[in-house]
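A short worksheet on the structure shown next.
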There are 2 protein chains.
Amino acid sequence: MSNRLNMESKNLIDFLRRSNLVSTQTAESIAGEFAPKKVMANEFLLKDGMISDEYVFLETGFMRAFAHDTEGNEVTTNFYAANQLVFEVSSFFNRTRSRENIQAVDDCSCLFITYEQLNKLFHSLPEFRDFGRSVLVKGFSALKTRVLSMITETAEARYEMLLKNNPEIFQHVPLKHIASYLGITDTSLSRIRKGYAKR
Amino acid sequence: MSNRLNMESKNLIDFLRRSNLVSTQTAESIAGEFAPKKVMANEFLLKDGMISDEYVFLETGFMRAFAHDTEGNEVTTNFYAANQLVFEVSSFFNRTRSRENIQAVDDCSCLFITYEQLNKLFHSLPEFRDFGRSVLVKGFSALKTRVLSMITETAEARYEMLLKNNPEIFQHVPLKHIASYLGITDTSLSRIRKGYAKR
DNA sequence: TTTAATTCTTGCCATTTGCGAAGAAAAGAA
DNA sequence: TTCTTTTCTTCGCAAATGGCAAGAATTAAA
């Protein structure tokens, strides 16, 4: 394997290592299976109706996932910053058509493996299985937190949380996408930002 | 293994089989590891602050999961009917303290294995690994759908969906629990049921 | 640079939902 | 059955949010 490829994999190796579920050596051999891939701004990593076949690590760039509601409006379901995994769990693991789109916001450089490769690695590397499970569980847990905040917090509180915890999102996407992610209209978000609820 | 135990496991075996991921033989040997357990009405299968150590199959009865919001109000996060798995993903797999409670609504009879047993089975039975992954992925996907419906649908539409798809819930728990699950107050739910939005 | 498209803000008004409280209804306990 | 507790409904009012539309601001394209 070329030195250059090693350099490219460094972030992925670190990402694998940080889980504390895989050894350095295993992390390196896992990362060695990943192939590079560029996605230019506005291009789609996944289109609804397609079956996702790529388990993607985002090295640089920024992505957004969205679905369409019954009236055809875009509803943002997720944002992805660098050094994160980007894939649609349901389509990828169930081999079903995705209901979501994943689009590059900026030019992105990625590393990916296919479903088949992932399963081979799961089969041969118990550590990677644990890692894969951990990814799912963490995502699950984050989603639960999100449901809870949708139920118990006001839109204003959810906005402030997002601003505090994920300020980078605001540097990459228009407010209307953030609004739909928060479950409100762009009008409401504008009012919230204005601080019209001053007391 | 006693005949009686086999009888008790029948629903679990069917449940495992229906995934199409495990053979009948494997399903039987998996089910053989499960131990029975009763949870009387109002008792807790899991209390917040505890670390969940049981992967539970609910044979008969009905359960409810709930968390507390910042003001201490109960927020229902899930309902569990018979022939379903009942466990808190995050606490169980991450070995962390649960933020949720799971309480028996009626007298329940369950079958369960521990975290350790589950991992042993995962290690020795690839088919069961696939099953376990499928359970996680399905739950993940259902949660996503829920978030989307919270964002794109009115409380009335969410109520009608729940009534249509999960009518059994209404036979087991008071409306206030259903209200908090839908993300509204019991007052609002009452108005929606009244049909005040008649047109 | 000029034009066009997109995004963001604002105002008006309607709708949805919440809050607190009171009473009715139902369920559970004595 | 009678009493007590819980649940459910209803009311008046306030707050949050949406829909529509117009214009301002920003960004992209020509």
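FYI, nothing fancy with the structure tokens labels: chains A, B, ... in order, residues from 1 per chain, ligands from 1 as they appear.
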Considering only C-alpha atoms (C1' of nucleotides), tabulate each residue of chain B that lies at most 10 Å from chain D along with its nearest interatomic pair and the corresponding distance in Å to one decimal; arrange the rows by chain and ascending residue number and present them as a tab-separated table.
residue	atom	partner	partner_atom	distance
B:Pro174	CA	D:DT7	C1'	7.2
B:Leu175	CA	D:DT7	C1'	8.1
B:Lys176	CA	D:DT7	C1'	8.0
B:Asp186	CA	D:DC8	C1'	8.3
B:Thr187	CA	D:DT9	C1'	7.8
B:Ser190	CA	D:DT9	C1'	6.7
B:Arg191	CA	D:DT9	C1'	8.3
B:Lys194	CA	D:DT9	C1'	9.2
How close does chain B get to chain A? List, as a Markdown table, each residue of chain B within 6 Å, its nearest atom pair and the distance in Å to one decimal, counting only C-alpha atoms.
| residue | atom | partner | partner_atom | distance |
| --- | --- | --- | --- | --- |
| B:Ser90 | CA | A:Ser141 | CA | 5.9 |
| B:Phe140 | CA | A:Phe140 | CA | 5.7 |
| B:Ser141 | CA | A:Ser90 | CA | 5.8 |
| B:Ile151 | CA | A:Gly183 | CA | 4.7 |
| B:Gly183 | CA | A:Ile151 | CA | 4.7 |
I need the chosen residues saved as a short mmCIF file (atom, residue, chain, number, x, y, z; two decimals), in the first residue's frame, with C-alpha atoms.
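selection.cif written:
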data_model
loop_
_atom_site.label_atom_id
_atom_site.label_comp_id
_atom_site.auth_asym_id
_atom_site.auth_seq_id
_atom_site.Cartn_x
_atom_site.Cartn_y
_atom_site.Cartn_z
CA SER B 90 -28.30 2.44 24.72
CA PHE B 140 -33.50 2.80 14.10
CA SER B 141 -35.66 3.05 11.04
CA ILE B 151 -41.82 17.34 11.94
CA GLY B 183 -45.81 14.99 21.86
#
Just to confirm, what's the straight-line distance from CA of Leu45 (chain B) to CA of Thr96 (chain B) in Å (one decimal)? 16.0 Å
What residues in chain C have any atom no more than 12 Å from chain A when counting only C-alpha atoms (C1' of nucleotides), and can you write them as a list in words? DT6, DT7, DC8, DT9, DT10, DG11, DT17 and DG18 of chain C
DSSP-assigned helix (DSSP H, G or I) among region 7-124 of chain A, expressed as a ChimeraX atom specification: /A:7-18,24-31,89-94,115-124
Quick one: residues within 10 Å of Ile13 (chain A), only C-alpha atoms (C1' of nucleotides), excluding same-chain residues fewer than 5 positions away - as a PDB file with C-alpha atoms, in the first residue's frame?
ATOM      1  CA  ASN A   6      -1.754   5.761   4.334  1.00  0.00           C
ATOM      2  CA  MET A   7      -1.823   9.482   4.739  1.00  0.00           C
ATOM      3  CA  GLU A   8      -5.345   9.629   3.444  1.00  0.00           C
ATOM      4  CA  ARG A  18     -11.138   6.598  19.294  1.00  0.00           C
ATOM      5  CA  VAL A  22     -10.308  -1.741  17.822  1.00  0.00           C
ATOM      6  CA  SER A  23      -6.551  -1.994  18.217  1.00  0.00           C
ATOM      7  CA  THR A  24      -4.244   0.193  16.157  1.00  0.00           C
ATOM      8  CA  GLN A  25      -3.247  -2.735  14.043  1.00  0.00           C
ATOM      9  CA  THR A  26      -6.823  -3.758  13.343  1.00  0.00           C
ATOM     10  CA  ALA A  27      -7.753  -0.166  12.625  1.00  0.00           C
ATOM     11  CA  GLU A  28      -5.038  -0.002  10.038  1.00  0.00           C
ATOM     12  CA  SER A  29      -6.105  -3.157   8.301  1.00  0.00           C
ATOM     13  CA  ILE A  30      -9.723  -2.033   8.304  1.00  0.00           C
ATOM     14  CA  ALA A  31      -8.842   1.362   6.889  1.00  0.00           C
ATOM     15  CA  GLY A  32      -6.769  -0.356   4.221  1.00  0.00           C
TER      16      GLY A  32
END
Out of region 7-179 of chain B, which residues get strand (DSSP E) from DSSP, as JSON, numbers by chain? {"B": [35, 36, 37, 38, 39, 44, 45, 46, 54, 55, 56, 57, 58, 59, 60, 63, 64, 65, 66, 67, 68, 74, 75, 76, 77, 78, 79, 80, 84, 85, 86, 101, 102, 103, 104, 108, 109, 110, 111, 112, 113, 114]}
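Going from CA of Glu59 (chain A) to CA of Asn165 (chain A) covers 20.4 Å.
Residue nearest Met63 (chain A) within the list A:Val39, A:Leu118, A:Leu162, A:Arg99: A:Val39 [criterion: smallest interatomic distance, only C-alpha atoms].
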Between CA of Lys38 (chain A) and CA of Val173 (chain A), what distance in Å does the model show, to one decimal? 19.5 Å
